[in-house]
>>> print(open('my_file-v3.cif').read())   # mmCIF, C-alpha atoms
data_query
loop_
_atom_site.label_atom_id
_atom_site.label_comp_id
_atom_site.auth_asym_id
_atom_site.auth_seq_id
_atom_site.Cartn_x
_atom_site.Cartn_y
_atom_site.Cartn_z
CA MET A 1 91.42 101.87 85.24
CA ASP A 2 93.89 103.24 82.72
CA SER A 3 92.16 106.23 81.13
CA GLN A 4 95.04 106.64 78.73
CA LYS A 5 94.38 103.31 76.99
CA ARG A 6 91.89 103.33 74.13
CA LEU A 7 89.99 100.38 72.71
CA LEU A 8 88.47 100.81 69.25
CA ILE A 9 85.54 98.52 68.36
CA VAL A 10 84.48 98.55 64.69
CA ASP A 11 81.39 96.39 64.13
CA ASP A 12 78.07 97.06 62.40
CA ASN A 13 76.10 95.30 65.16
CA PRO A 14 75.11 97.94 67.75
CA LEU A 15 74.19 95.30 70.36
CA PHE A 16 77.66 93.75 70.08
CA ARG A 17 79.26 97.20 70.45
CA LYS A 18 77.06 97.88 73.51
CA ALA A 19 78.22 94.62 75.09
CA ILE A 20 81.85 95.59 74.49
CA VAL A 21 81.34 99.01 76.09
CA GLY A 22 79.64 97.46 79.09
CA PHE A 23 82.37 94.88 79.60
CA PHE A 24 85.45 97.04 79.00
CA GLY A 25 84.17 100.53 79.83
CA ASP A 26 85.71 100.58 83.29
CA ARG A 27 89.20 99.72 81.92
CA PHE A 28 89.40 101.56 78.62
CA LYS A 29 88.11 104.57 76.82
CA VAL A 30 86.02 102.65 74.27
CA LEU A 31 85.64 104.17 70.80
CA GLU A 32 82.64 102.86 68.81
CA ALA A 33 82.38 102.71 65.03
CA GLY A 34 79.90 100.92 62.78
CA THR A 35 81.71 101.38 59.47
CA CYS A 36 85.24 101.46 58.05
CA ALA A 37 84.90 105.20 57.44
CA GLN A 38 83.96 105.88 61.06
CA GLY A 39 86.80 103.66 62.26
CA GLN A 40 89.27 105.46 59.99
CA GLU A 41 88.10 108.78 61.44
CA PHE A 42 88.95 107.58 64.95
CA LEU A 43 92.36 106.33 63.79
CA GLY A 44 93.20 109.79 62.48
CA ARG A 45 92.38 111.70 65.65
CA GLU A 46 92.78 109.27 68.58
CA SER A 47 95.61 107.09 69.85
CA VAL A 48 94.59 103.44 69.74
CA ASP A 49 96.08 100.76 71.97
CA LEU A 50 93.77 97.89 71.05
CA ALA A 51 91.25 97.33 68.24
CA ILE A 52 88.49 94.79 67.75
CA LEU A 53 87.68 94.65 64.03
CA ASP A 54 84.80 92.85 62.32
CA GLU A 55 85.54 91.10 59.05
CA GLN A 56 82.53 92.32 57.05
CA LEU A 57 81.47 95.95 57.36
CA PRO A 58 78.93 97.92 55.28
CA ASP A 59 81.62 99.85 53.41
CA GLY A 60 84.55 97.45 53.36
CA SER A 61 86.56 94.88 55.27
CA GLY A 62 88.21 94.91 58.66
CA LEU A 63 91.37 93.72 56.91
CA ASP A 64 91.67 97.02 55.02
CA LEU A 65 91.14 98.99 58.23
CA CYS A 66 93.76 96.82 59.94
CA ARG A 67 96.39 97.83 57.37
CA ASN A 68 95.62 101.53 57.90
CA LEU A 69 95.65 101.12 61.67
CA PHE A 70 99.22 99.80 61.74
CA GLN A 71 100.43 102.68 59.58
CA LEU A 72 99.18 105.19 62.16
CA HIS A 73 99.55 103.13 65.35
CA PRO A 74 102.35 100.57 64.80
CA PHE A 75 102.30 99.25 68.38
CA ALA A 76 98.53 98.69 68.60
CA LYS A 77 97.12 95.19 69.07
CA VAL A 78 94.29 93.86 66.90
CA ILE A 79 91.67 91.17 67.54
CA TYR A 80 89.89 90.12 64.36
CA VAL A 81 86.33 88.81 64.72
CA THR A 82 84.11 87.19 62.10
CA ALA A 83 80.75 85.44 61.76
CA PHE A 84 82.10 83.47 58.79
CA PRO A 85 85.16 81.67 60.12
CA SER A 86 87.49 79.82 57.79
CA PHE A 87 91.13 78.87 57.67
CA GLU A 88 91.64 81.21 54.72
CA HIS A 89 90.16 84.18 56.60
CA ALA A 90 92.33 83.43 59.64
CA VAL A 91 95.49 83.31 57.53
CA LYS A 92 94.63 86.62 55.84
CA ALA A 93 94.00 88.27 59.20
CA LEU A 94 97.30 87.10 60.64
CA LYS A 95 99.17 88.15 57.50
CA VAL A 96 98.01 91.76 57.80
CA GLY A 97 99.10 91.81 61.46
CA ALA A 98 96.12 90.75 63.58
CA HIS A 99 97.22 89.28 66.90
CA ASP A 100 94.16 87.11 67.60
CA TYR A 101 91.21 85.67 65.69
CA LEU A 102 87.80 84.91 67.20
CA SER A 103 84.72 83.34 65.60
CA LYS A 104 81.23 84.66 66.38
CA PRO A 105 79.35 83.85 68.47
CA PHE A 106 81.64 83.82 71.49
CA GLU A 107 81.40 84.65 75.18
CA VAL A 108 82.48 88.20 76.03
CA ALA A 109 84.60 86.66 78.79
CA ALA A 110 86.63 84.85 76.09
CA LEU A 111 87.23 88.19 74.43
CA GLY A 112 88.26 89.53 77.84
CA HIS A 113 90.94 86.85 78.16
CA ALA A 114 92.27 87.71 74.69
CA VAL A 115 92.41 91.40 75.61
CA ASP A 116 94.22 90.67 78.88
CA ARG A 117 96.80 88.58 77.04
CA LEU A 118 97.48 91.27 74.44
CA ILE A 119 97.73 94.02 77.05
CA SER A 120 100.36 91.93 78.86
CA VAL A 121 102.23 91.44 75.57
CA SER A 122 102.11 95.21 74.96
CA ALA A 123 103.59 95.88 78.39
CA LEU A 124 106.44 93.43 77.80
CA GLU A 125 107.13 94.89 74.36
CA ARG A 126 107.20 98.38 75.83
CA VAL A 127 109.82 97.25 78.37
CA GLY A 128 111.82 95.78 75.50
CA ARG A 129 111.64 99.02 73.53
CA LEU A 130 112.71 101.00 76.58
CA GLU A 131 115.68 98.70 77.14
CA ALA A 132 116.67 99.00 73.48
CA TRP A 133 116.36 102.79 73.75
CA ARG A 134 118.51 102.83 76.90
CA THR A 135 121.13 100.67 75.20
CA GLN A 136 121.21 103.00 72.22
CA THR A 137 121.28 106.08 74.44
CA ASP A 138 124.06 104.64 76.58
CA GLY A 139 126.04 103.96 73.44
CA HIS A 140 125.61 107.53 72.22
CA ASN A 141 126.55 108.90 75.63
CA ALA A 142 129.67 106.71 75.93
CA ILE A 143 131.75 109.30 74.09
CA LEU A 144 135.31 110.08 75.16
CA VAL A 145 135.88 113.79 74.67
CA GLY A 146 139.33 115.33 74.27
CA ASN A 147 142.36 114.96 72.02
CA SER A 148 145.12 115.64 74.52
CA PRO A 149 147.92 113.04 74.79
CA PRO A 150 146.46 111.55 78.03
CA MET A 151 142.98 111.15 76.52
CA SER A 152 144.40 109.83 73.25
CA GLU A 153 146.15 107.11 75.26
CA VAL A 154 142.90 106.28 77.07
CA ARG A 155 141.11 106.02 73.74
CA ARG A 156 143.85 103.72 72.38
CA ILE A 157 143.54 101.26 75.28
CA VAL A 158 139.72 101.38 75.11
CA HIS A 159 140.01 100.31 71.48
CA LEU A 160 142.26 97.41 72.48
CA ALA A 161 139.95 96.40 75.33
CA ALA A 162 136.88 96.45 73.08
CA GLY A 163 138.48 93.88 70.83
CA SER A 164 138.99 91.31 73.57
CA ASP A 165 137.13 89.71 76.47
CA ALA A 166 139.92 90.35 78.97
CA SER A 167 139.14 91.84 82.36
CA VAL A 168 139.81 95.57 82.63
CA LEU A 169 140.83 97.63 85.66
CA ILE A 170 140.13 101.37 85.43
CA THR A 171 141.89 103.55 87.99
CA GLY A 172 141.91 107.26 88.68
CA GLU A 173 140.58 109.97 90.94
CA THR A 174 136.89 110.41 91.68
CA GLY A 175 135.05 112.20 88.90
CA THR A 176 137.48 111.43 86.07
CA GLY A 177 134.97 109.39 84.08
CA LYS A 178 135.77 105.78 84.93
CA GLY A 179 132.16 104.69 84.48
CA LEU A 180 132.03 106.43 81.10
CA VAL A 181 135.10 104.52 79.95
CA ALA A 182 133.54 101.23 81.11
CA ARG A 183 130.48 101.98 79.00
CA ALA A 184 132.64 102.95 76.04
CA ILE A 185 134.43 99.58 76.23
CA HIS A 186 131.14 97.71 76.44
CA HIS A 187 129.40 99.48 73.55
CA ALA A 188 132.44 99.21 71.27
CA SER A 189 132.74 95.47 71.93
CA PRO A 190 130.77 92.57 70.39
CA ARG A 191 128.78 92.57 73.66
CA GLY A 192 127.45 96.08 72.96
CA GLN A 193 123.84 95.01 72.39
CA SER A 194 123.78 92.89 75.54
CA PRO A 195 123.24 94.13 79.13
CA PHE A 196 125.57 96.57 80.83
CA VAL A 197 125.04 96.17 84.58
CA THR A 198 126.65 98.27 87.32
CA LEU A 199 127.25 97.44 90.97
CA ASN A 200 128.81 100.07 93.22
CA CYS A 201 130.66 98.14 95.91
CA SER A 202 130.76 101.16 98.25
CA ALA A 203 127.06 102.00 97.99
CA LEU A 204 125.72 98.85 99.70
CA PRO A 205 126.16 97.49 103.23
CA GLU A 206 128.55 94.53 103.41
CA ASN A 207 125.76 92.05 104.12
CA LEU A 208 123.87 93.08 100.96
CA ILE A 209 126.71 93.11 98.43
CA GLU A 210 126.94 89.31 98.36
CA ALA A 211 123.21 88.94 97.74
CA GLU A 212 123.22 91.57 95.00
CA LEU A 213 126.25 90.01 93.35
CA PHE A 214 125.27 86.33 93.43
CA GLY A 215 121.51 86.38 93.95
CA TRP A 216 119.62 83.98 96.24
CA THR A 217 117.22 81.08 96.29
CA ARG A 218 113.86 80.99 98.03
CA GLY A 219 114.33 80.51 101.76
CA ALA A 220 118.05 81.28 101.68
CA PHE A 221 117.55 83.77 104.52
CA THR A 222 114.76 85.38 106.48
CA GLY A 223 112.60 87.37 104.09
CA ALA A 224 113.73 85.52 100.94
CA VAL A 225 110.21 84.53 99.90
CA ASN A 226 111.22 84.30 96.23
CA SER A 227 114.39 83.46 94.36
CA ARG A 228 116.24 86.27 92.62
CA GLU A 229 119.20 86.34 90.27
CA GLY A 230 122.19 88.50 91.09
CA VAL A 231 123.88 91.08 88.90
CA LEU A 232 126.33 88.47 87.59
CA GLU A 233 123.44 86.57 86.03
CA MET A 234 121.65 89.77 84.99
CA ALA A 235 124.70 90.71 82.93
CA GLU A 236 124.66 87.38 81.03
CA GLY A 237 126.20 87.88 77.60
CA GLY A 238 127.21 91.43 78.46
CA THR A 239 129.39 93.37 80.88
CA LEU A 240 129.35 93.73 84.67
CA PHE A 241 130.92 96.97 85.86
CA LEU A 242 132.12 96.74 89.48
CA ASP A 243 132.66 100.30 90.62
CA GLU A 244 134.80 101.00 93.69
CA ILE A 245 136.12 97.43 93.67
CA GLY A 246 138.60 98.37 96.41
CA GLU A 247 135.68 98.52 98.86
CA MET A 248 134.66 94.90 98.32
CA PRO A 249 134.94 92.82 101.54
CA MET A 250 137.76 90.24 101.60
CA HIS A 251 135.49 87.17 101.82
CA LEU A 252 133.63 88.30 98.69
CA GLN A 253 136.90 88.87 96.86
CA VAL A 254 137.53 85.13 97.22
CA LYS A 255 134.12 84.30 95.74
CA LEU A 256 134.57 86.80 92.88
CA LEU A 257 137.96 85.29 92.05
CA SER A 258 136.31 81.87 91.88
CA VAL A 259 133.69 83.23 89.46
CA LEU A 260 136.39 84.73 87.24
CA GLU A 261 138.27 81.44 87.12
CA ASP A 262 135.38 78.93 86.90
CA ARG A 263 132.76 81.08 85.15
CA THR A 264 130.04 79.70 87.42
CA VAL A 265 127.76 81.41 89.91
CA THR A 266 126.11 79.79 92.92
CA PRO A 267 123.34 81.90 94.52
CA LEU A 268 122.97 82.18 98.28
CA GLY A 269 121.23 79.02 99.47
CA GLY A 270 121.92 77.24 96.20
CA ARG A 271 123.87 74.03 95.70
CA VAL A 272 124.49 73.95 91.96
CA GLY A 273 126.49 76.59 90.13
CA GLU A 274 125.20 78.13 86.90
CA ARG A 275 127.51 78.76 83.96
CA ILE A 276 127.74 82.43 83.00
CA ASP A 277 129.22 84.41 80.14
CA VAL A 278 130.06 87.84 81.57
CA ARG A 279 132.88 90.27 81.02
CA ILE A 280 134.15 92.01 84.17
CA VAL A 281 135.26 95.65 84.15
CA ALA A 282 136.29 97.06 87.54
CA ALA A 283 137.16 100.55 88.69
CA THR A 284 138.65 102.15 91.78
CA ASN A 285 139.98 105.47 93.00
CA ALA A 286 142.06 103.66 95.64
CA LEU A 287 145.65 102.50 95.27
CA LEU A 288 145.11 98.76 95.18
CA GLU A 289 148.85 98.09 95.46
CA LYS A 290 148.83 99.72 98.90
CA ALA A 291 145.62 97.89 99.80
CA ILE A 292 147.42 94.62 98.97
CA GLU A 293 150.32 95.55 101.23
CA SER A 294 147.93 96.28 104.10
CA LYS A 295 146.06 93.00 103.51
CA ARG A 296 142.83 94.74 102.48
CA PHE A 297 142.83 93.47 98.90
CA ARG A 298 143.80 90.08 97.51
CA ALA A 299 146.82 90.05 95.22
CA ASP A 300 145.45 87.13 93.17
CA LEU A 301 142.20 89.01 92.45
CA TYR A 302 144.18 92.12 91.59
CA PHE A 303 146.23 90.24 88.99
CA ARG A 304 143.07 88.60 87.60
CA LEU A 305 141.38 91.98 87.14
CA ASN A 306 144.45 93.89 86.00
CA VAL A 307 144.81 92.20 82.60
CA LEU A 308 144.23 95.52 80.85
CA ARG A 309 144.59 98.73 82.83
CA ILE A 310 143.37 102.21 82.04
CA GLU A 311 144.60 105.10 84.17
CA MET A 312 142.16 108.00 83.89
CA PRO A 313 143.96 111.36 83.97
CA ALA A 314 142.88 114.07 86.38
CA LEU A 315 141.34 117.06 84.61
CA ARG A 316 144.24 119.29 85.74
CA ASP A 317 146.53 117.04 83.68
CA HIS A 318 144.72 117.64 80.38
CA LEU A 319 143.35 121.17 80.65
CA GLU A 320 143.86 121.59 76.91
CA ASP A 321 140.65 119.56 76.59
CA LEU A 322 138.70 122.08 78.70
CA PRO A 323 137.11 123.99 75.77
CA GLU A 324 135.94 120.78 74.05
CA LEU A 325 134.74 119.22 77.31
CA SER A 326 132.86 122.38 78.29
CA ALA A 327 131.18 122.63 74.90
CA PHE A 328 130.17 118.95 75.01
CA LEU A 329 128.73 119.18 78.54
CA GLN A 330 126.93 122.45 77.76
CA SER A 331 125.28 120.92 74.70
CA HIS A 332 123.75 118.23 76.93
CA LEU A 333 122.60 120.81 79.46
CA THR A 334 120.71 122.86 76.89
CA GLY A 335 118.99 119.76 75.62
CA HIS A 336 119.19 120.77 71.96
CA GLY A 337 122.74 119.74 71.06
CA SER A 338 124.26 123.21 70.90
CA ALA A 339 126.03 125.52 73.31
CA VAL A 340 127.05 129.17 73.58
CA PRO A 341 130.88 129.12 73.55
CA LEU A 342 132.62 130.38 76.66
CA SER A 343 134.77 133.44 76.11
CA ASN A 344 138.53 133.11 76.00
CA GLY A 345 138.76 135.07 79.23
CA GLU A 346 136.35 132.73 81.00
CA LEU A 347 138.22 129.65 79.76
CA THR A 348 141.50 131.18 80.96
CA LEU A 349 140.06 131.66 84.44
CA MET A 350 138.77 128.09 84.47
CA ALA A 351 142.18 126.77 83.36
CA THR A 352 143.86 128.31 86.42
CA TYR A 353 141.68 126.20 88.71
CA ALA A 354 142.88 122.82 90.07
CA TRP A 355 139.53 120.99 89.55
CA PRO A 356 139.79 118.60 92.52
CA GLY A 357 136.45 117.05 91.52
CA ASN A 358 137.62 116.58 87.91
CA VAL A 359 135.11 116.29 85.05
CA ARG A 360 132.23 115.64 87.45
CA GLU A 361 132.92 118.98 89.14
CA LEU A 362 133.18 120.68 85.74
CA LYS A 363 129.76 119.29 84.82
CA ASN A 364 128.24 120.52 88.11
CA VAL A 365 129.79 123.98 87.73
CA LEU A 366 128.51 124.33 84.16
CA GLU A 367 125.05 123.17 85.20
CA ARG A 368 124.92 125.65 88.06
CA ALA A 369 126.12 128.45 85.79
CA TYR A 370 123.52 127.53 83.18
CA LEU A 371 120.65 127.46 85.68
CA LEU A 372 121.65 130.68 87.46
CA GLY A 373 122.78 132.62 84.39
CA ALA A 374 126.25 133.44 85.76
CA PRO A 375 129.81 132.78 84.50
CA PRO A 376 131.18 129.33 85.50
CA SER A 377 134.22 130.91 87.14
CA THR A 378 131.84 132.41 89.71
CA PHE A 379 131.39 128.98 91.28
CA LEU A 380 134.97 127.73 91.46
CA ARG A 381 136.47 126.80 94.83
CA GLY A 382 139.99 127.29 96.11
CA GLU A 383 141.96 124.90 98.33
CA GLY A 384 140.64 126.58 101.47
CA GLY A 385 137.00 126.55 100.39
CA ILE A 386 135.51 129.34 98.32
CA ARG A 387 137.59 130.80 95.53
CA PRO A 388 139.10 134.10 96.80
CA ALA A 389 137.03 137.13 95.89
CA PRO A 390 138.55 139.93 93.79
CA ALA A 391 140.74 142.39 95.67
CA PRO A 392 138.90 145.43 97.06
CA PHE A 393 138.74 148.50 94.85
CA ASP A 394 141.68 150.84 95.47
CA PRO A 395 141.10 154.27 93.87
CA ALA A 396 144.75 155.24 94.34
CA SER A 397 146.16 152.42 92.22
CA ALA A 398 143.39 151.46 89.79
CA PRO A 399 141.49 153.30 87.07
CA LEU A 400 138.18 154.75 88.11
CA GLN A 401 135.25 152.33 87.74
CA THR A 402 131.67 153.25 87.03
CA LEU A 403 129.02 152.68 89.67
CA ALA A 404 127.49 149.98 87.44
CA GLU A 405 130.83 148.15 87.28
CA LEU A 406 131.28 148.39 91.04
CA GLU A 407 127.75 147.06 91.57
CA GLN A 408 128.38 144.09 89.29
CA GLU A 409 131.65 143.29 91.04
CA HIS A 410 129.91 143.42 94.42
CA LEU A 411 126.98 141.26 93.24
CA LEU A 412 129.30 138.62 91.76
CA ARG A 413 131.39 138.64 94.94
CA ALA A 414 128.25 137.94 96.97
CA LEU A 415 127.29 135.11 94.63
CA ASN A 416 130.81 133.71 94.89
CA LEU A 417 130.79 133.81 98.69
CA HIS A 418 127.45 131.97 98.79
CA GLN A 419 128.35 129.37 96.12
CA GLY A 420 125.87 130.69 93.61
CA ASN A 421 122.88 130.51 95.98
CA LEU A 422 120.80 133.51 94.86
CA THR A 423 118.51 133.50 97.91
CA ARG A 424 121.37 133.60 100.45
CA ALA A 425 123.28 136.16 98.39
CA ALA A 426 120.22 138.43 98.27
CA GLU A 427 119.75 138.13 102.05
CA ALA A 428 123.42 139.01 102.63
CA LEU A 429 123.10 142.05 100.36
CA GLY A 430 119.88 143.18 102.02
CA ILE A 431 117.88 143.15 98.77
CA SER A 432 115.05 141.02 97.43
CA LEU A 433 115.65 137.95 95.30
CA SER A 434 113.87 139.56 92.33
CA THR A 435 116.10 142.65 92.60
CA LEU A 436 119.23 140.50 92.57
CA LYS A 437 118.04 138.56 89.52
CA ARG A 438 117.22 141.83 87.74
CA ARG A 439 120.52 143.53 88.49
CA VAL A 440 123.07 140.76 87.98
CA LYS A 441 124.39 140.69 84.43
CA VAL A 442 126.05 137.78 82.64
CA PRO A 443 129.24 138.75 80.74
CA ALA A 444 129.30 138.09 76.99
CA ARG A 445 130.38 134.52 76.24
CA ALA A 446 131.30 134.77 72.57
CA GLY A 447 133.59 137.07 70.68
CA SER A 448 135.12 138.60 73.79
CA ASP A 449 138.11 138.08 76.01
#
>>> encode(input="my_file-v3.cif", output="structure tokens")
Amino acid sequence: MDSQKRLLIVDDNPLFRKAIVGFFGDRFKVLEAGTCAQGQEFLGRESVDLAILDEQLPDGSGLDLCRNLFQLHPFAKVIYVTAFPSFEHAVKALKVGAHDYLSKPFEVAALGHAVDRLISVSALERVGRLEAWRTQTDGHNAILVGNSPPMSEVRRIVHLAAGSDASVLITGETGTGKGLVARAIHHASPRGQSPFVTLNCSALPENLIEAELFGWTRGAFTGAVNSREGVLEMAEGGTLFLDEIGEMPMHLQVKLLSVLEDRTVTPLGGRVGERIDVRIVAATNALLEKAIESKRFRADLYFRLNVLRIEMPALRDHLEDLPELSAFLQSHLTGHGSAVPLSNGELTLMATYAWPGNVRELKNVLERAYLLGAPPSTFLRGEGGIRPAPAPFDPASAPLQTLAELEQEHLLRALNLHQGNLTRAAEALGISLSTLKRRVKVPARAGSD
């Protein structure tokens, strides 16, 4: 039973309405109305998933109610019923948007079949709307932030790549945004409305990568009770992003090279290859040239993938983009498209950090700072682990600090040592968690250095 789904029955025959309630009452919340006015009242205050509308009602026609229904509930399904069937009536009903047309008298079971069919159609349409929303969202999120020379060069090659169907190899350290660039290429290309499918070659065991990549036929191996298409077929008409391509086993590299050259895919257990139209974008944080020398990566596959190459810069190599990147990431954290600017002093501290985790680490640091209400620099790490704490207070060589300032310095040092974990910091300080939350203060983020 789906208590969230509502079925509206508008018919002036109370016995017919009673039969509908009895038949569908365990699956839907059934709303009963005997007139257009009563039906309109339900439309104004209830969500309606499915409606059964009679043609002739005491105060109007089901056709008029149908028009109003779609204005308020555009995704609802309508079954139009009439005791006076005619071709003309059927055409009118379908023109105003009815999805099915039944002539009285009919078996309630026949109505049940019509309802089942329309509920299935609604579910499929909802999946389609979700996929369209994801595609649109992915496109909006595939934004390359930063105007530094390295990022400007990345943007230039992305533009070139979007205008062709050539394979692309994206290289760079972990966390630099290789997946984001792959999405940007896809959404800027003519394939942008088609699927964007990702396979991480390092996330699956070797014996599963082949099945995920090429799919399988029924009975291809133990447990293959049904056939299933692989990601190459799932990406038909669109883009397949192979992340961590350097981790792909050698025997699969041969099969992938064959796909790139022949544009056909043969599933496990299959005998006939299927033609595919897929663009391949690959990424790696490994040095494939060295992998070729050590016989861990095929040179012919490398040259086939490396038609266009994008080298993603490490964050430490374009720190001038740090303010714009931070503002962009913060706006997504807040969820309302705006962010409180970081102070110049905070940005200066962040610019002295090496950012070994690159933009991914920046995102994690900003998220932690946002959730815990502390400056981002509190959570930065040095080469040996935790970022060194401030030097101890020396009254002989430094100006006198207030007790409040000393307390704040000590609290922030504790947070730093425990990587922003408030509970562990409070335990180390010997105070309660609520006391720590009450006493720690967040420095001003705007208009201050």
>>> atom_distance(input="my_file-v3.cif", atom1="CA of Ser152 (chain A)", atom2="CA of Pro195 (chain A)")
27.0 Å
>>> atom_distance(input="my_file-v3.cif", atom1="CA of Thr239 (chain A)", atom2="CA of Asp165 (chain A)")
9.6 Å
>>> closest_residue(input="my_file-v3.cif", among="A:Leu287, A:Cys66, A:Leu329, A:Met234", to="Asn364 (chain A)", atoms="all atoms listed in the file")
A:Leu329
>>> resolve_selection(input="my_file-v3.cif", expression="the PyMOL selection byres ((chain A and resi 38-54) around 8)", output="ChimeraX atom specification")
/A:5-12,31-37,55-57,61-62,65-66,68-69,72-73,75-82
>>> resolve_selection(input="my_file-v3.cif", expression="the PyMOL selection byres ((chain A and resi 188) around 10)", output="list in words")
Gly139, Ala142, Val158, His159, Ala161, Ala162, Gly163, Arg183, Ala184, Ile185, His186, His187, Ser189, Pro190, Arg191, Gly192 and Gln193 of chain A
>>> resolve_selection(input="my_file-v3.cif", expression="the PyMOL selection byres ((chain A and resi 316) around 9)", output="PDB file with C-alpha atoms, in the frame of the given file")
ATOM      1  CA  PRO A 313     143.960 111.360  83.970  1.00  0.00           C
ATOM      2  CA  ALA A 314     142.880 114.070  86.380  1.00  0.00           C
ATOM      3  CA  LEU A 315     141.340 117.060  84.610  1.00  0.00           C
ATOM      4  CA  ASP A 317     146.530 117.040  83.680  1.00  0.00           C
ATOM      5  CA  HIS A 318     144.720 117.640  80.380  1.00  0.00           C
ATOM      6  CA  LEU A 319     143.350 121.170  80.650  1.00  0.00           C
ATOM      7  CA  ALA A 351     142.180 126.770  83.360  1.00  0.00           C
ATOM      8  CA  TYR A 353     141.680 126.200  88.710  1.00  0.00           C
ATOM      9  CA  ALA A 354     142.880 122.820  90.070  1.00  0.00           C
ATOM     10  CA  TRP A 355     139.530 120.990  89.550  1.00  0.00           C
ATOM     11  CA  PRO A 356     139.790 118.600  92.520  1.00  0.00           C
ATOM     12  CA  ASN A 358     137.620 116.580  87.910  1.00  0.00           C
TER      13      ASN A 358
END
>>> residues_around(input="my_file-v3.cif", residues="Val96 (chain A)", least_positions_apart="2", cutoff="9 Å", atoms="all atoms listed in the file", output="ChimeraX atom specification")
/A:63-64,66-67,91-94,98
>>> atom_distance(input="my_file-v3.cif", atom1="CA of Met312 (chain A)", atom2="CA of Gly246 (chain A)")
16.2 Å
>>> residues_around(input="my_file-v3.cif", residues="Ala19 (chain A)", least_positions_apart="3", cutoff="12 Å", atoms="only C-alpha atoms", output="list of chain:residue names")
A:Ile9, A:Asp11, A:Asn13, A:Pro14, A:Leu15, A:Phe16, A:Gly22, A:Phe23, A:Phe24, A:Gly25, A:Val30, A:Glu32, A:Phe106, A:Glu107, A:Val108, A:Ala109, A:Leu111, A:Gly112
>>> closest_residue(input="my_file-v3.cif", among="A:Tyr101, A:Phe303, A:Trp216, A:Phe221", to="Phe84 (chain A)", atoms="all atoms listed in the file")
A:Tyr101
>>> residues_around(input="my_file-v3.cif", residues="Arg155 (chain A)", least_positions_apart="4", cutoff="9 Å", atoms="all atoms listed in the file", output="ChimeraX atom specification")
/A:144,150-151,159-160,181
>>> closest_residue(input="my_file-v3.cif", among="A:Ala283, A:Leu199, A:Ala224, A:Leu257", to="Lys178 (chain A)", atoms="all atoms listed in the file")
A:Ala283
>>> residues_around(input="my_file-v3.cif", residues="region 288-291 of chain A", least_positions_apart="6", cutoff="9 Å", atoms="only C-alpha atoms", output="VMD selection string")
chain A and resid 246 297 to 299 302
>>> closest_residue(input="my_file-v3.cif", among="A:Val278, A:Leu412, A:His89, A:Pro375", to="Gly345 (chain A)", atoms="all atoms listed in the file")
A:Pro375
>>> closest_residue(input="my_file-v3.cif", among="A:Gly270, A:Gly60, A:Pro85, A:Gly172", to="Arg309 (chain A)", atoms="only C-alpha atoms")
A:Gly172
>>> closest_residue(input="my_file-v3.cif", among="A:Arg263, A:Lys295, A:Arg275, A:Arg228", to="Pro249 (chain A)", atoms="only C-alpha atoms")
A:Lys295
>>> decode(input="my_file-v3.cif", residues="region 1-30 of chain A", atoms="C-alpha atoms", output="PDB file, in the first residue's frame")
ATOM      1  CA  MET A   1       0.000   0.000   0.000  1.00  0.00           C
ATOM      2  CA  ASP A   2       1.275   3.442  -0.940  1.00  0.00           C
ATOM      3  CA  SER A   3      -0.516   5.852   1.400  1.00  0.00           C
ATOM      4  CA  GLN A   4       1.027   8.782  -0.412  1.00  0.00           C
ATOM      5  CA  LYS A   5      -0.828   8.056  -3.660  1.00  0.00           C
ATOM      6  CA  ARG A   6      -4.292   9.550  -4.028  1.00  0.00           C
ATOM      7  CA  LEU A   7      -7.041   8.428  -6.375  1.00  0.00           C
ATOM      8  CA  LEU A   8      -9.855  10.898  -7.043  1.00  0.00           C
ATOM      9  CA  ILE A   9     -13.183   9.443  -8.231  1.00  0.00           C
ATOM     10  CA  VAL A  10     -15.739  11.985  -9.490  1.00  0.00           C
ATOM     11  CA  ASP A  11     -19.043  10.301 -10.358  1.00  0.00           C
ATOM     12  CA  ASP A  12     -22.642  11.044  -9.389  1.00  0.00           C
ATOM     13  CA  ASN A  13     -23.427   7.351  -8.847  1.00  0.00           C
ATOM     14  CA  PRO A  14     -22.756   6.539  -5.159  1.00  0.00           C
ATOM     15  CA  LEU A  15     -22.810   2.772  -5.788  1.00  0.00           C
ATOM     16  CA  PHE A  16     -20.104   3.127  -8.435  1.00  0.00           C
ATOM     17  CA  ARG A  17     -18.006   5.247  -6.057  1.00  0.00           C
ATOM     18  CA  LYS A  18     -18.488   2.629  -3.312  1.00  0.00           C
ATOM     19  CA  ALA A  19     -17.253  -0.094  -5.662  1.00  0.00           C
ATOM     20  CA  ILE A  20     -14.161   1.975  -6.481  1.00  0.00           C
ATOM     21  CA  VAL A  21     -13.396   2.521  -2.790  1.00  0.00           C
ATOM     22  CA  GLY A  22     -13.792  -1.168  -2.061  1.00  0.00           C
ATOM     23  CA  PHE A  23     -11.547  -2.221  -4.930  1.00  0.00           C
ATOM     24  CA  PHE A  24      -8.761   0.360  -4.572  1.00  0.00           C
ATOM     25  CA  GLY A  25      -9.005   1.312  -0.895  1.00  0.00           C
ATOM     26  CA  ASP A  26      -6.096  -0.885   0.155  1.00  0.00           C
ATOM     27  CA  ARG A  27      -3.755   0.708  -2.443  1.00  0.00           C
ATOM     28  CA  PHE A  28      -4.761   4.357  -2.523  1.00  0.00           C
ATOM     29  CA  LYS A  29      -6.253   7.069  -0.422  1.00  0.00           C
ATOM     30  CA  VAL A  30      -9.516   7.344  -2.365  1.00  0.00           C
TER      31      VAL A  30
END
